[in-house]
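Have a look at the structure below before the remarks.
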Amino acid sequence: MSLTLEMATAEDAIRSHDTSLVDIVDGLLRHGVVIRGEIWLTVADVDLVFLGLDLLLASPDKMRPAGLTQ
């Protein structure tokens with residue numbers, strides 16, 4: 001199985017189709033999306049605080065291992 005990723009800017013996504021917000025969120029949940037963020041607080045070249053966030057947004061069916069039922 002091959003996975004092809006297509007990247008687009010926010011402007012491209014908004015202008016490309018007459019898509020509602022519900023359709024966009026549905027597509028994100030259907031395929032899943034990972035958001036990663038990092039913030040470093042540095043004073044005088046000394047790293048004081050690091051804050052990292054990893055967020056996985058997907059439907060429960062995508063997150064459940066294949067073949068596993070409740």
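Starting from 1 in every chain, residues are counted up; chains themselves are A, B, ... following the order of the structure tokens, and ligands are numbered from 1 as listed.
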| Which residues come within 9 Å of A:Ile35, counting only C-alpha atoms, excluding same-chain residues fewer than 3 positions away, as a VMD selection string? | chain A and resid 53 to 57
| message | One number please: atom CA of A:Gly32 to atom CA of A:Asp12, in Å, one decimal. | response | 19.9 Å
